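The file upload-v1.cif contains mmCIF, N, CA and C atoms:
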```cif
data_coords
loop_
_atom_site.label_atom_id
_atom_site.label_comp_id
_atom_site.auth_asym_id
_atom_site.auth_seq_id
_atom_site.Cartn_x
_atom_site.Cartn_y
_atom_site.Cartn_z
N MET A 1431 0.85 5.70 18.63
CA MET A 1431 0.52 6.65 17.59
C MET A 1431 -0.32 7.79 18.15
N GLU A 1432 -0.67 7.70 19.38
CA GLU A 1432 -1.46 8.74 20.00
C GLU A 1432 -0.68 10.04 20.17
N ALA A 1433 0.63 9.99 20.14
CA ALA A 1433 1.44 11.19 20.30
C ALA A 1433 1.42 12.05 19.05
N LEU A 1434 1.04 11.47 17.91
CA LEU A 1434 0.99 12.25 16.67
C LEU A 1434 -0.30 13.06 16.61
N SER A 1435 -0.23 14.19 15.95
CA SER A 1435 -1.41 15.03 15.81
C SER A 1435 -2.40 14.38 14.85
N LEU A 1436 -3.61 14.86 14.87
CA LEU A 1436 -4.66 14.33 14.01
C LEU A 1436 -4.30 14.50 12.53
N GLU A 1437 -3.75 15.64 12.18
CA GLU A 1437 -3.37 15.89 10.79
C GLU A 1437 -2.28 14.94 10.33
N THR A 1438 -1.32 14.67 11.19
CA THR A 1438 -0.23 13.76 10.86
C THR A 1438 -0.75 12.33 10.68
N GLN A 1439 -1.65 11.90 11.55
CA GLN A 1439 -2.23 10.57 11.43
C GLN A 1439 -2.98 10.41 10.11
N ILE A 1440 -3.76 11.41 9.75
CA ILE A 1440 -4.52 11.35 8.50
C ILE A 1440 -3.58 11.35 7.30
N THR A 1441 -2.57 12.19 7.32
CA THR A 1441 -1.61 12.26 6.22
C THR A 1441 -0.88 10.93 6.04
N LEU A 1442 -0.42 10.36 7.13
CA LEU A 1442 0.27 9.07 7.05
C LEU A 1442 -0.66 7.96 6.59
N ALA A 1443 -1.89 7.97 7.05
CA ALA A 1443 -2.85 6.94 6.65
C ALA A 1443 -3.21 7.05 5.17
N ILE A 1444 -3.15 8.24 4.62
CA ILE A 1444 -3.45 8.42 3.19
C ILE A 1444 -2.26 8.00 2.33
N ILE A 1445 -1.06 8.33 2.72
CA ILE A 1445 0.10 8.17 1.85
C ILE A 1445 0.82 6.83 2.02
N VAL A 1446 1.10 6.42 3.23
CA VAL A 1446 2.00 5.30 3.49
C VAL A 1446 1.52 3.96 2.92
N PRO A 1447 0.25 3.55 3.10
CA PRO A 1447 -0.14 2.25 2.55
C PRO A 1447 -0.02 2.17 1.02
N ALA A 1448 -0.41 3.22 0.34
CA ALA A 1448 -0.30 3.22 -1.12
C ALA A 1448 1.16 3.15 -1.56
N LEU A 1449 2.01 3.91 -0.91
CA LEU A 1449 3.43 3.88 -1.26
C LEU A 1449 4.07 2.52 -0.96
N LEU A 1450 3.66 1.88 0.11
CA LEU A 1450 4.20 0.56 0.43
C LEU A 1450 3.80 -0.47 -0.61
N VAL A 1451 2.56 -0.44 -1.06
CA VAL A 1451 2.13 -1.38 -2.10
C VAL A 1451 2.93 -1.16 -3.37
N ILE A 1452 3.13 0.09 -3.75
CA ILE A 1452 3.89 0.40 -4.96
C ILE A 1452 5.35 -0.02 -4.79
N LEU A 1453 5.94 0.27 -3.64
CA LEU A 1453 7.33 -0.11 -3.38
C LEU A 1453 7.50 -1.63 -3.41
N PHE A 1454 6.63 -2.36 -2.73
CA PHE A 1454 6.73 -3.81 -2.72
C PHE A 1454 6.47 -4.41 -4.11
N THR A 1455 5.64 -3.76 -4.91
CA THR A 1455 5.44 -4.22 -6.28
C THR A 1455 6.71 -4.07 -7.08
N ARG A 1456 7.39 -2.97 -6.90
CA ARG A 1456 8.66 -2.76 -7.62
C ARG A 1456 9.73 -3.75 -7.18
N ILE A 1457 9.69 -4.16 -5.92
CA ILE A 1457 10.69 -5.09 -5.41
C ILE A 1457 10.38 -6.53 -5.81
N THR A 1458 9.11 -6.94 -5.68
CA THR A 1458 8.74 -8.34 -5.91
C THR A 1458 8.27 -8.61 -7.34
N PHE A 1459 7.96 -7.59 -8.10
CA PHE A 1459 7.43 -7.70 -9.46
C PHE A 1459 6.08 -8.43 -9.48
N ASN A 1460 5.34 -8.37 -8.39
CA ASN A 1460 4.02 -8.99 -8.31
C ASN A 1460 3.15 -8.14 -7.39
N HIS A 1461 2.06 -7.61 -7.94
CA HIS A 1461 1.22 -6.71 -7.15
C HIS A 1461 0.42 -7.46 -6.09
N TRP A 1462 0.14 -8.75 -6.28
CA TRP A 1462 -0.57 -9.52 -5.26
C TRP A 1462 0.31 -9.77 -4.04
N VAL A 1463 1.56 -10.11 -4.30
CA VAL A 1463 2.50 -10.32 -3.19
C VAL A 1463 2.70 -9.01 -2.43
N ALA A 1464 2.78 -7.91 -3.17
CA ALA A 1464 2.94 -6.60 -2.54
C ALA A 1464 1.75 -6.26 -1.65
N LEU A 1465 0.55 -6.57 -2.12
CA LEU A 1465 -0.64 -6.30 -1.31
C LEU A 1465 -0.64 -7.15 -0.04
N ILE A 1466 -0.28 -8.42 -0.17
CA ILE A 1466 -0.24 -9.31 1.00
C ILE A 1466 0.81 -8.85 2.01
N LEU A 1467 1.97 -8.45 1.52
CA LEU A 1467 3.02 -7.96 2.42
C LEU A 1467 2.58 -6.69 3.15
N THR A 1468 1.93 -5.79 2.45
CA THR A 1468 1.49 -4.54 3.07
C THR A 1468 0.39 -4.79 4.09
N VAL A 1469 -0.56 -5.64 3.76
CA VAL A 1469 -1.63 -5.96 4.71
C VAL A 1469 -1.04 -6.65 5.94
N ALA A 1470 -0.08 -7.54 5.74
CA ALA A 1470 0.56 -8.21 6.88
C ALA A 1470 1.30 -7.21 7.76
N LEU A 1471 1.96 -6.25 7.13
CA LEU A 1471 2.67 -5.23 7.89
C LEU A 1471 1.71 -4.39 8.73
N PHE A 1472 0.58 -3.99 8.14
CA PHE A 1472 -0.39 -3.20 8.89
C PHE A 1472 -1.11 -4.03 9.94
N ALA A 1473 -1.38 -5.29 9.65
CA ALA A 1473 -2.00 -6.16 10.65
C ALA A 1473 -1.08 -6.33 11.86
N THR A 1474 0.20 -6.44 11.60
CA THR A 1474 1.16 -6.55 12.70
C THR A 1474 1.19 -5.27 13.53
N SER A 1475 1.13 -4.13 12.87
CA SER A 1475 1.14 -2.87 13.63
C SER A 1475 -0.14 -2.69 14.44
N VAL A 1476 -1.26 -3.16 13.91
CA VAL A 1476 -2.51 -3.10 14.68
C VAL A 1476 -2.43 -4.04 15.88
N TYR A 1477 -1.91 -5.24 15.64
CA TYR A 1477 -1.77 -6.21 16.73
C TYR A 1477 -0.83 -5.71 17.82
N ALA A 1478 0.21 -4.99 17.41
CA ALA A 1478 1.17 -4.45 18.38
C ALA A 1478 0.59 -3.25 19.13
N GLY A 1479 -0.50 -2.70 18.64
CA GLY A 1479 -1.15 -1.61 19.35
C GLY A 1479 -0.77 -0.22 18.92
N TYR A 1480 -0.27 -0.07 17.71
CA TYR A 1480 0.14 1.25 17.25
C TYR A 1480 -1.02 2.09 16.74
N THR A 1481 -2.10 1.47 16.34
CA THR A 1481 -3.28 2.23 15.89
C THR A 1481 -4.49 1.78 16.72
N HIS A 1482 -5.36 2.74 17.00
CA HIS A 1482 -6.50 2.44 17.86
C HIS A 1482 -7.82 2.95 17.30
N LYS A 1483 -7.79 3.72 16.27
CA LYS A 1483 -9.01 4.37 15.81
C LYS A 1483 -9.52 3.71 14.54
N LEU A 1484 -10.84 3.53 14.48
CA LEU A 1484 -11.47 2.88 13.34
C LEU A 1484 -11.29 3.68 12.06
N TRP A 1485 -11.37 4.99 12.14
CA TRP A 1485 -11.27 5.80 10.93
C TRP A 1485 -9.88 5.71 10.31
N VAL A 1486 -8.85 5.42 11.10
CA VAL A 1486 -7.50 5.22 10.55
C VAL A 1486 -7.49 3.93 9.72
N TYR A 1487 -8.19 2.90 10.19
CA TYR A 1487 -8.28 1.65 9.43
C TYR A 1487 -9.00 1.87 8.10
N VAL A 1488 -10.03 2.67 8.12
CA VAL A 1488 -10.79 2.94 6.89
C VAL A 1488 -9.94 3.71 5.89
N ILE A 1489 -9.22 4.70 6.35
CA ILE A 1489 -8.35 5.47 5.45
C ILE A 1489 -7.21 4.59 4.94
N ASP A 1490 -6.65 3.74 5.80
CA ASP A 1490 -5.61 2.80 5.38
C ASP A 1490 -6.14 1.87 4.29
N ALA A 1491 -7.34 1.35 4.46
CA ALA A 1491 -7.92 0.44 3.47
C ALA A 1491 -8.14 1.15 2.14
N ALA A 1492 -8.61 2.39 2.19
CA ALA A 1492 -8.79 3.15 0.95
C ALA A 1492 -7.45 3.41 0.27
N SER A 1493 -6.44 3.72 1.04
CA SER A 1493 -5.12 3.96 0.48
C SER A 1493 -4.53 2.67 -0.10
N LEU A 1494 -4.74 1.55 0.58
CA LEU A 1494 -4.30 0.26 0.04
C LEU A 1494 -4.96 -0.03 -1.30
N THR A 1495 -6.24 0.27 -1.40
CA THR A 1495 -6.97 0.04 -2.64
C THR A 1495 -6.42 0.90 -3.76
N ILE A 1496 -6.17 2.15 -3.49
CA ILE A 1496 -5.62 3.05 -4.50
C ILE A 1496 -4.21 2.61 -4.89
N GLY A 1497 -3.40 2.25 -3.92
CA GLY A 1497 -2.05 1.77 -4.21
C GLY A 1497 -2.06 0.49 -5.02
N PHE A 1498 -2.98 -0.43 -4.72
CA PHE A 1498 -3.09 -1.67 -5.47
C PHE A 1498 -3.54 -1.40 -6.90
N TRP A 1499 -4.49 -0.49 -7.07
CA TRP A 1499 -4.94 -0.11 -8.41
C TRP A 1499 -3.78 0.45 -9.23
N TYR A 1500 -3.02 1.35 -8.64
CA TYR A 1500 -1.90 1.95 -9.35
C TYR A 1500 -0.81 0.92 -9.64
N ALA A 1501 -0.52 0.04 -8.69
CA ALA A 1501 0.50 -0.98 -8.90
C ALA A 1501 0.10 -1.95 -10.00
N THR A 1502 -1.18 -2.30 -10.06
CA THR A 1502 -1.68 -3.16 -11.13
C THR A 1502 -1.52 -2.48 -12.48
N ARG A 1503 -1.88 -1.23 -12.53
CA ARG A 1503 -1.73 -0.45 -13.76
C ARG A 1503 -0.26 -0.34 -14.17
N MET A 1504 0.60 -0.09 -13.21
CA MET A 1504 2.03 0.03 -13.46
C MET A 1504 2.59 -1.29 -13.97
N GLN A 1505 2.19 -2.40 -13.36
CA GLN A 1505 2.69 -3.70 -13.77
C GLN A 1505 2.18 -4.07 -15.17
N ASN A 1506 0.92 -3.79 -15.47
CA ASN A 1506 0.38 -4.07 -16.79
C ASN A 1506 1.11 -3.25 -17.86
N SER A 1507 1.43 -2.02 -17.56
CA SER A 1507 2.16 -1.18 -18.49
C SER A 1507 3.56 -1.74 -18.74
N TYR A 1508 4.21 -2.17 -17.67
CA TYR A 1508 5.54 -2.76 -17.80
C TYR A 1508 5.50 -4.04 -18.63
N ASN A 1509 4.48 -4.88 -18.40
CA ASN A 1509 4.38 -6.13 -19.14
C ASN A 1509 4.09 -5.89 -20.62
N SER A 1510 3.27 -4.90 -20.93
CA SER A 1510 2.98 -4.62 -22.33
C SER A 1510 4.21 -4.05 -23.05
N LYS A 1511 5.00 -3.24 -22.37
CA LYS A 1511 6.24 -2.72 -22.96
C LYS A 1511 7.23 -3.86 -23.19
N LYS A 1512 7.28 -4.78 -22.25
CA LYS A 1512 8.19 -5.91 -22.34
C LYS A 1512 7.80 -6.82 -23.51
N GLU A 1513 6.50 -7.05 -23.71
CA GLU A 1513 6.03 -7.86 -24.82
C GLU A 1513 6.33 -7.21 -26.15
N LYS A 1514 6.18 -5.89 -26.24
CA LYS A 1514 6.47 -5.18 -27.48
C LYS A 1514 7.95 -5.26 -27.83
N SER A 1515 8.80 -5.19 -26.82
CA SER A 1515 10.23 -5.24 -27.09
C SER A 1515 10.69 -6.63 -27.50
N LEU A 1516 9.97 -7.66 -27.07
CA LEU A 1516 10.33 -9.02 -27.44
C LEU A 1516 9.88 -9.38 -28.86
N SER A 1517 8.86 -8.72 -29.35
CA SER A 1517 8.37 -9.05 -30.69
C SER A 1517 8.98 -8.21 -31.77
#
```
Let me see the file written as structure tokens.
Amino acid sequence: MEALSLETQITLAIIVPALLVILFTRITFNHWVALILTVALFATSVYAGYTHKLWVYVIDAASLTIGFWYATRMQNSYNSKKEKSLS
């Protein structure tokens, strides 16, 4: 990841983790499973040596938190709509 510019690294660290949590939530219908899958994916990339800077980890963690918050909100909204349609 050292070949990417600083701006690209920051942009990817802000966007990608949140989008992955949301995508995995849409696929698995469970925001906890989505969070675990995303963390496992990023842990694997760190272990493989694709990221080296501490600040990238911090931005990734913040993005994961925002993505998890949004996925939880999205799932709660879906569940409430589903309950209303059943009653």
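Atom CA of A:His1482 is positioned 22.5 Å from atom CA of A:Gly1497.
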message = I need the output of the PyMOL selection byres (((chain A and resi 1447 and name CA) around 8) and name CA) for this file as a count of residues only; which residues are they?
response = 13
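Our summary of the geometry notes that atom C of A:Thr1502 is positioned 20.3 Å from atom CA of A:Ala1470.
Counting from atom CA of A:Phe1454, the distance to atom CA of A:Leu1442 is 17.4 Å.
Minimum atom-to-atom distances from A:Val1463, A:Leu1453, A:Ala1433, A:Leu1484 to A:Tyr1500 were compared using only C-alpha atoms, and the lowest value belongs to A:Leu1453.
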request  = With a distance cut-off of 6.5 Å and all atoms listed in the file, select the neighbouring residues of A:Ala1501, excluding the residue or stretch itself and same-chain residues fewer than 3 positions from it, and output the selection as a ChimeraX atom specification.
outcome  = /A:1451-1452,1455,1461,1496-1498,1504-1506
